[in-house]
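Scroll down for the structure; my scribbles are underneath it.
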Amino acid sequence: KRKRGQDDVEKLRKAVDKLDIKSPDIKSFTDLPLCSATSTGLRASHFETLTDVQKVAIPLALKGKDILGAAKTGSGKTLAFLVPVLEALYRAQWTELDGLGALIISPTRELAVQIFEVLRKIGRKHTFSAGLVIGGKSLREEAERLGRMNILVCTPGRMLQHLDQTAGFDVDNLQILVLDEADRIMDLGFQSAVDALVDHLPKDRQTLLFSATQSKRVSDLARLSLKDPEYVSVHEEA
Ligand code: ADP
Ligand code: MG
């Protein structure tokens, strides 16, 4: 059984290598090299056709690129990062024992909860553990669960608190960092928290940064966290 899983992963890696990011034929999730758990989760959640930002961002992110993405509210940015997150960990054959593989930073608790709900829906066939770190519970109560999580959705202040204070919380294996609503992260004054947070993370990782608007402040944040990013900007059609 293990052997078959290995073959699947190998096949998927090859398919991602061969994927032509410029192909006009990429219209649906089924046109992408995704594992069957993700495909099933998407289908069961009734996601079929890719939105514009997903068409551009997902193929690049599957190939491991860093992304600086700007697209208006409602354009589908959540799946543009959640699908690559699930795929990166699947292809790395991530298990419970590997610890934190993906960290998703959101400006507010409400948005973090929304992201987490989408993750639960499309990730239902995956075996990764996932949690929210948004405060509201005691630091210790949260801390006890942290070490067992593969994917965390967090707000900046609370996450930084854990990185500074929770003994034994190890983020050295982190594969992928997502900064969602980077413009709001900056507007809400989280710049220094995010800077400090990123300082704790391994440099050798993939980073996806999304915002609704492009601004000087977003590019300042991007400069600190992204490596040679691909710019994905989707405008409304005239
Ligand atoms: P953004 O983060 O860019 O504001 P969301 O990711 O919250 O946008 O998505 C906005 C809405 O569009 C949500 O209701 C979501 O379920 C829906 N949506 C996202 N991607 C797709 C898709 N590929 N097909 C159909 N609906 C989608
Ligand atoms: Mg969003």
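Ordered as shown in the structure tokens, chains take letters A, B, and onward, while each chain numbers its residues from 1 and ligands are numbered from 1 in the order shown.
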
As a PDB file with C-alpha atoms, in the first residue's frame, please: every protein or nucleic acid residue near ligand 1 (cut-off 10 Å, counting only C-alpha atoms and all ligand atoms).
ATOM      1  CA  LYS A  27      -9.891  26.190 -16.998  1.00  0.00           C
ATOM      2  CA  SER A  28     -11.039  23.796 -14.293  1.00  0.00           C
ATOM      3  CA  PHE A  29      -9.552  22.211 -11.219  1.00  0.00           C
ATOM      4  CA  LEU A  42     -13.060  20.403  -4.354  1.00  0.00           C
ATOM      5  CA  SER A  45     -17.575  21.464  -2.299  1.00  0.00           C
ATOM      6  CA  HIS A  46     -18.895  22.205  -5.802  1.00  0.00           C
ATOM      7  CA  PHE A  47     -15.800  24.014  -7.019  1.00  0.00           C
ATOM      8  CA  GLU A  48     -15.204  23.276 -10.696  1.00  0.00           C
ATOM      9  CA  THR A  49     -14.200  26.260 -12.820  1.00  0.00           C
ATOM     10  CA  LEU A  50     -11.147  28.294 -11.843  1.00  0.00           C
ATOM     11  CA  THR A  51     -11.486  32.014 -11.213  1.00  0.00           C
ATOM     12  CA  ASP A  52      -9.024  34.331 -12.969  1.00  0.00           C
ATOM     13  CA  VAL A  53      -6.663  34.691 -10.045  1.00  0.00           C
ATOM     14  CA  GLN A  54      -6.754  30.931  -9.424  1.00  0.00           C
ATOM     15  CA  LYS A  55      -5.900  30.238 -13.086  1.00  0.00           C
ATOM     16  CA  ALA A  70      -3.412  41.174  -5.922  1.00  0.00           C
ATOM     17  CA  ALA A  71      -7.046  40.651  -6.818  1.00  0.00           C
ATOM     18  CA  LYS A  72     -10.175  42.286  -5.555  1.00  0.00           C
ATOM     19  CA  THR A  73     -12.342  40.934  -2.770  1.00  0.00           C
ATOM     20  CA  GLY A  74     -14.500  38.050  -3.932  1.00  0.00           C
ATOM     21  CA  SER A  75     -12.109  36.919  -6.671  1.00  0.00           C
ATOM     22  CA  GLY A  76     -11.314  33.581  -5.031  1.00  0.00           C
ATOM     23  CA  LYS A  77      -7.967  34.155  -3.359  1.00  0.00           C
ATOM     24  CA  THR A  78      -8.635  31.625  -0.575  1.00  0.00           C
ATOM     25  CA  LEU A  79      -8.486  28.606  -2.881  1.00  0.00           C
ATOM     26  CA  ALA A  80      -5.577  30.204  -4.735  1.00  0.00           C
ATOM     27  CA  PHE A  81      -3.477  29.505  -1.640  1.00  0.00           C
ATOM     28  CA  LEU A  82      -5.272  26.612   0.082  1.00  0.00           C
ATOM     29  CA  LEU A 111     -11.183  35.947   8.357  1.00  0.00           C
ATOM     30  CA  GLN A 114     -13.491  31.649   7.274  1.00  0.00           C
ATOM     31  CA  ILE A 115     -10.221  30.345   5.836  1.00  0.00           C
ATOM     32  CA  VAL A 118     -12.828  26.407   3.584  1.00  0.00           C
ATOM     33  CA  ASP A 180      -3.626  36.705   3.319  1.00  0.00           C
ATOM     34  CA  GLU A 181      -5.114  40.199   3.056  1.00  0.00           C
ATOM     35  CA  PHE A 210      -2.229  37.975  -1.306  1.00  0.00           C
ATOM     36  CA  SER A 211      -3.990  41.288  -1.014  1.00  0.00           C
ATOM     37  CA  ALA A 212      -7.029  43.056  -2.424  1.00  0.00           C
TER      38      ALA A 212
END

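For Leu197 of chain A, the list of residues within 9 Å, based on only C-alpha atoms and with local chain neighbours fewer than 2 positions off taken out, reads Pro156, Gly157, Met159, Leu160, Leu163, Asp164, Ser192, Ala193, Val194, Asp195, Asp199, His200 and Leu201 of chain A.
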
Keeping only N, CA and C atoms, write the selected residues to a file as a short mmCIF file (atom, residue, chain, number, x, y, z; two decimals), in the first residue's frame.
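Ended up saving to selection-v2.cif:
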data_model
loop_
_atom_site.label_atom_id
_atom_site.label_comp_id
_atom_site.auth_asym_id
_atom_site.auth_seq_id
_atom_site.Cartn_x
_atom_site.Cartn_y
_atom_site.Cartn_z
N PRO A 156 -1.68 37.48 13.52
CA PRO A 156 -0.26 37.72 13.75
C PRO A 156 0.13 37.82 15.22
N GLY A 157 -0.61 38.60 16.00
CA GLY A 157 -0.23 38.83 17.39
C GLY A 157 -0.21 37.55 18.20
N MET A 159 -0.02 34.43 17.16
CA MET A 159 0.99 33.48 16.71
C MET A 159 2.37 33.87 17.24
N LEU A 160 2.64 35.16 17.20
CA LEU A 160 3.93 35.64 17.68
C LEU A 160 4.11 35.33 19.17
N LEU A 163 5.20 31.81 19.40
CA LEU A 163 6.57 31.60 18.94
C LEU A 163 7.56 32.11 19.98
N ASP A 164 7.18 33.19 20.66
CA ASP A 164 8.06 33.75 21.69
C ASP A 164 8.01 32.97 22.99
N SER A 192 5.08 45.01 12.48
CA SER A 192 6.21 44.55 13.30
C SER A 192 5.96 43.13 13.84
N ALA A 193 4.69 42.81 14.11
CA ALA A 193 4.39 41.44 14.54
C ALA A 193 4.73 40.45 13.43
N VAL A 194 4.36 40.80 12.20
CA VAL A 194 4.63 39.89 11.08
C VAL A 194 6.14 39.80 10.83
N ASP A 195 6.83 40.92 10.91
CA ASP A 195 8.29 40.89 10.74
C ASP A 195 8.94 39.95 11.76
N ASP A 199 10.75 36.23 11.19
CA ASP A 199 12.10 36.01 11.71
C ASP A 199 12.26 34.63 12.36
N HIS A 200 11.17 34.10 12.90
CA HIS A 200 11.21 32.79 13.54
C HIS A 200 11.20 31.63 12.53
N LEU A 201 10.81 31.93 11.29
CA LEU A 201 10.54 30.86 10.33
C LEU A 201 11.78 30.52 9.52
#

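Within segment 52-199 of chain A, the backbone-based DSSP assignment of strand (DSSP E or B) covers Ile67, Leu68, Gly69, Ala70, Ala71, Ala102, Leu103, Ile104, Ile105, Ala130, Gly131, Leu132, Val133, Ile151, Leu152, Val153, Cys154, Ile176, Leu177, Val178 and Leu179 of chain A.
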
Can you write out as a tab-separated table which residues of segment 28-94 of chain A fall within 8 Å of segment 122-132 of chain A, alongside each residue's closest atom pair and its distance in Å to one decimal, counting only C-alpha atoms and ordering rows by chain and ascending residue number?
residue	atom	partner	partner_atom	distance
A:Ala37	CA	A:Lys125	CA	4.9
A:Thr38	CA	A:Gly123	CA	6.3
A:Thr40	CA	A:Lys125	CA	7.2
A:Gly41	CA	A:Ile122	CA	4.1
A:Leu42	CA	A:Ile122	CA	5.2
A:Ala44	CA	A:Ile122	CA	7.7
A:Ser45	CA	A:Ile122	CA	6.5
A:Leu86	CA	A:Gly123	CA	7.3
A:Trp94	CA	A:Phe128	CA	7.7

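Between atom CA of Ile21 of chain A and atom CA of Arg205 of chain A the interatomic distance comes to 20.8 Å.
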
Members of segment 6-182 of chain A assigned helix (DSSP H, G or I) by DSSP, as number ranges by chain = A: 6-18, 29-31, 36-44, 52-62, 77-91, 96-98, 109-122, 139-146, 156-165, 182

Keeping only C-alpha atoms, write those residues as a PDB file, in the first residue's frame.
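out-v2.pdb written:
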ATOM      1  CA  GLN A   6       4.806   6.520  -3.306  1.00  0.00           C
ATOM      2  CA  ASP A   7       4.039   5.925  -6.990  1.00  0.00           C
ATOM      3  CA  ASP A   8       1.137   8.384  -6.835  1.00  0.00           C
ATOM      4  CA  VAL A   9       3.347  11.065  -5.390  1.00  0.00           C
ATOM      5  CA  GLU A  10       6.059  10.454  -7.989  1.00  0.00           C
ATOM      6  CA  LYS A  11       3.520  10.708 -10.790  1.00  0.00           C
ATOM      7  CA  LEU A  12       2.118  13.902  -9.380  1.00  0.00           C
ATOM      8  CA  ARG A  13       5.571  15.465  -9.043  1.00  0.00           C
ATOM      9  CA  LYS A  14       6.277  14.685 -12.683  1.00  0.00           C
ATOM     10  CA  ALA A  15       2.921  16.087 -13.770  1.00  0.00           C
ATOM     11  CA  VAL A  16       3.644  19.313 -11.875  1.00  0.00           C
ATOM     12  CA  ASP A  17       7.083  19.557 -13.516  1.00  0.00           C
ATOM     13  CA  LYS A  18       5.484  19.162 -16.926  1.00  0.00           C
ATOM     14  CA  PHE A  29      -9.552  22.211 -11.219  1.00  0.00           C
ATOM     15  CA  THR A  30      -9.578  18.930 -13.149  1.00  0.00           C
ATOM     16  CA  ASP A  31      -7.071  20.448 -15.616  1.00  0.00           C
ATOM     17  CA  SER A  36      -7.190  12.664  -5.502  1.00  0.00           C
ATOM     18  CA  ALA A  37      -7.889  13.856  -1.940  1.00  0.00           C
ATOM     19  CA  THR A  38      -7.839  17.508  -3.010  1.00  0.00           C
ATOM     20  CA  SER A  39      -9.770  16.794  -6.216  1.00  0.00           C
ATOM     21  CA  THR A  40     -12.464  14.989  -4.264  1.00  0.00           C
ATOM     22  CA  GLY A  41     -12.679  17.755  -1.658  1.00  0.00           C
ATOM     23  CA  LEU A  42     -13.060  20.403  -4.354  1.00  0.00           C
ATOM     24  CA  ARG A  43     -15.685  18.431  -6.243  1.00  0.00           C
ATOM     25  CA  ALA A  44     -17.672  17.730  -3.076  1.00  0.00           C
ATOM     26  CA  ASP A  52      -9.024  34.331 -12.969  1.00  0.00           C
ATOM     27  CA  VAL A  53      -6.663  34.691 -10.045  1.00  0.00           C
ATOM     28  CA  GLN A  54      -6.754  30.931  -9.424  1.00  0.00           C
ATOM     29  CA  LYS A  55      -5.900  30.238 -13.086  1.00  0.00           C
ATOM     30  CA  VAL A  56      -2.694  32.207 -12.796  1.00  0.00           C
ATOM     31  CA  ALA A  57      -1.681  31.710  -9.190  1.00  0.00           C
ATOM     32  CA  ILE A  58      -2.331  28.004  -8.623  1.00  0.00           C
ATOM     33  CA  PRO A  59      -0.087  26.642 -11.413  1.00  0.00           C
ATOM     34  CA  LEU A  60       2.778  28.921 -10.312  1.00  0.00           C
ATOM     35  CA  ALA A  61       2.291  28.025  -6.665  1.00  0.00           C
ATOM     36  CA  LEU A  62       2.147  24.291  -7.474  1.00  0.00           C
ATOM     37  CA  LYS A  77      -7.967  34.155  -3.359  1.00  0.00           C
ATOM     38  CA  THR A  78      -8.635  31.625  -0.575  1.00  0.00           C
ATOM     39  CA  LEU A  79      -8.486  28.606  -2.881  1.00  0.00           C
ATOM     40  CA  ALA A  80      -5.577  30.204  -4.735  1.00  0.00           C
ATOM     41  CA  PHE A  81      -3.477  29.505  -1.640  1.00  0.00           C
ATOM     42  CA  LEU A  82      -5.272  26.612   0.082  1.00  0.00           C
ATOM     43  CA  VAL A  83      -5.020  24.270  -2.907  1.00  0.00           C
ATOM     44  CA  PRO A  84      -1.228  24.788  -3.235  1.00  0.00           C
ATOM     45  CA  VAL A  85      -0.847  24.370   0.549  1.00  0.00           C
ATOM     46  CA  LEU A  86      -2.580  20.977   0.528  1.00  0.00           C
ATOM     47  CA  GLU A  87      -0.673  19.862  -2.560  1.00  0.00           C
ATOM     48  CA  ALA A  88       2.734  20.928  -1.228  1.00  0.00           C
ATOM     49  CA  LEU A  89       2.234  18.908   1.950  1.00  0.00           C
ATOM     50  CA  TYR A  90       0.794  15.939   0.073  1.00  0.00           C
ATOM     51  CA  ARG A  91       3.722  15.843  -2.347  1.00  0.00           C
ATOM     52  CA  GLU A  96       1.619  13.997  11.862  1.00  0.00           C
ATOM     53  CA  LEU A  97       5.219  13.450  12.918  1.00  0.00           C
ATOM     54  CA  ASP A  98       6.549  16.175  10.643  1.00  0.00           C
ATOM     55  CA  ARG A 109     -10.105  36.294  13.727  1.00  0.00           C
ATOM     56  CA  GLU A 110     -13.211  36.331  11.544  1.00  0.00           C
ATOM     57  CA  LEU A 111     -11.183  35.947   8.357  1.00  0.00           C
ATOM     58  CA  ALA A 112      -9.057  33.249   9.947  1.00  0.00           C
ATOM     59  CA  VAL A 113     -12.197  31.293  10.847  1.00  0.00           C
ATOM     60  CA  GLN A 114     -13.491  31.649   7.274  1.00  0.00           C
ATOM     61  CA  ILE A 115     -10.221  30.345   5.836  1.00  0.00           C
ATOM     62  CA  PHE A 116     -10.258  27.467   8.300  1.00  0.00           C
ATOM     63  CA  GLU A 117     -13.788  26.504   7.256  1.00  0.00           C
ATOM     64  CA  VAL A 118     -12.828  26.407   3.584  1.00  0.00           C
ATOM     65  CA  LEU A 119      -9.752  24.358   4.491  1.00  0.00           C
ATOM     66  CA  ARG A 120     -11.921  21.873   6.370  1.00  0.00           C
ATOM     67  CA  LYS A 121     -14.265  21.553   3.400  1.00  0.00           C
ATOM     68  CA  ILE A 122     -11.748  21.050   0.629  1.00  0.00           C
ATOM     69  CA  LEU A 139      -2.377  30.437  25.800  1.00  0.00           C
ATOM     70  CA  ARG A 140      -1.623  27.126  27.484  1.00  0.00           C
ATOM     71  CA  GLU A 141      -4.702  25.428  26.087  1.00  0.00           C
ATOM     72  CA  GLU A 142      -3.729  26.529  22.585  1.00  0.00           C
ATOM     73  CA  ALA A 143      -0.090  25.621  23.161  1.00  0.00           C
ATOM     74  CA  GLU A 144      -0.914  22.022  24.017  1.00  0.00           C
ATOM     75  CA  ARG A 145      -2.430  21.454  20.585  1.00  0.00           C
ATOM     76  CA  LEU A 146       0.130  23.410  18.570  1.00  0.00           C
ATOM     77  CA  PRO A 156      -0.260  37.717  13.750  1.00  0.00           C
ATOM     78  CA  GLY A 157      -0.233  38.833  17.392  1.00  0.00           C
ATOM     79  CA  ARG A 158      -1.377  35.544  18.829  1.00  0.00           C
ATOM     80  CA  MET A 159       0.986  33.480  16.709  1.00  0.00           C
ATOM     81  CA  LEU A 160       3.935  35.637  17.682  1.00  0.00           C
ATOM     82  CA  GLN A 161       3.036  35.175  21.327  1.00  0.00           C
ATOM     83  CA  HIS A 162       3.337  31.400  20.896  1.00  0.00           C
ATOM     84  CA  LEU A 163       6.569  31.596  18.937  1.00  0.00           C
ATOM     85  CA  ASP A 164       8.058  33.750  21.685  1.00  0.00           C
ATOM     86  CA  GLN A 165       6.637  31.882  24.659  1.00  0.00           C
ATOM     87  CA  ALA A 182      -1.646  41.694   3.347  1.00  0.00           C
TER      88      ALA A 182
END

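Between atom CA of Val133 of chain A and atom CA of Thr155 of chain A lies a distance of 6.7 Å.
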
Find, counting only C-alpha atoms, the residue in A:Leu152, A:Leu208, A:Leu32, A:Met186 that gets nearest to Gly101 of chain A.
-> A:Leu152

From the list A:Ala92, A:Leu188, A:Ala222, A:Leu19, which residue is nearest Ile176 of chain A when using only C-alpha atoms?
-> A:Ala92

So, counting only C-alpha atoms and all ligand atoms, which residue among A:Gly135, A:Pro33, A:Pro107, A:Pro24 is closest to ligand 2?
-> A:Pro107

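Counting only C-alpha atoms, the residue from A:Gly99, A:Cys154, A:Lys137, A:Cys35 that sits nearest to Gly168 of chain A is A:Gly99.
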
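Candidate residues A:Ser23, A:Gly136, A:Gly69, A:Gly147 were compared for distance to Ala167 of chain A, and the nearest is A:Gly147, using only C-alpha atoms.
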
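Our summary of the geometry notes that atom CA of Thr213 of chain A is positioned 6.6 Å from atom CA of Asp183 of chain A.
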
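For the residues A:Ile134, A:Leu68, A:Ala196, A:Leu179, ranking by smallest atom-to-atom distance to ligand 2 using only C-alpha atoms and all ligand atoms places A:Leu179 first.
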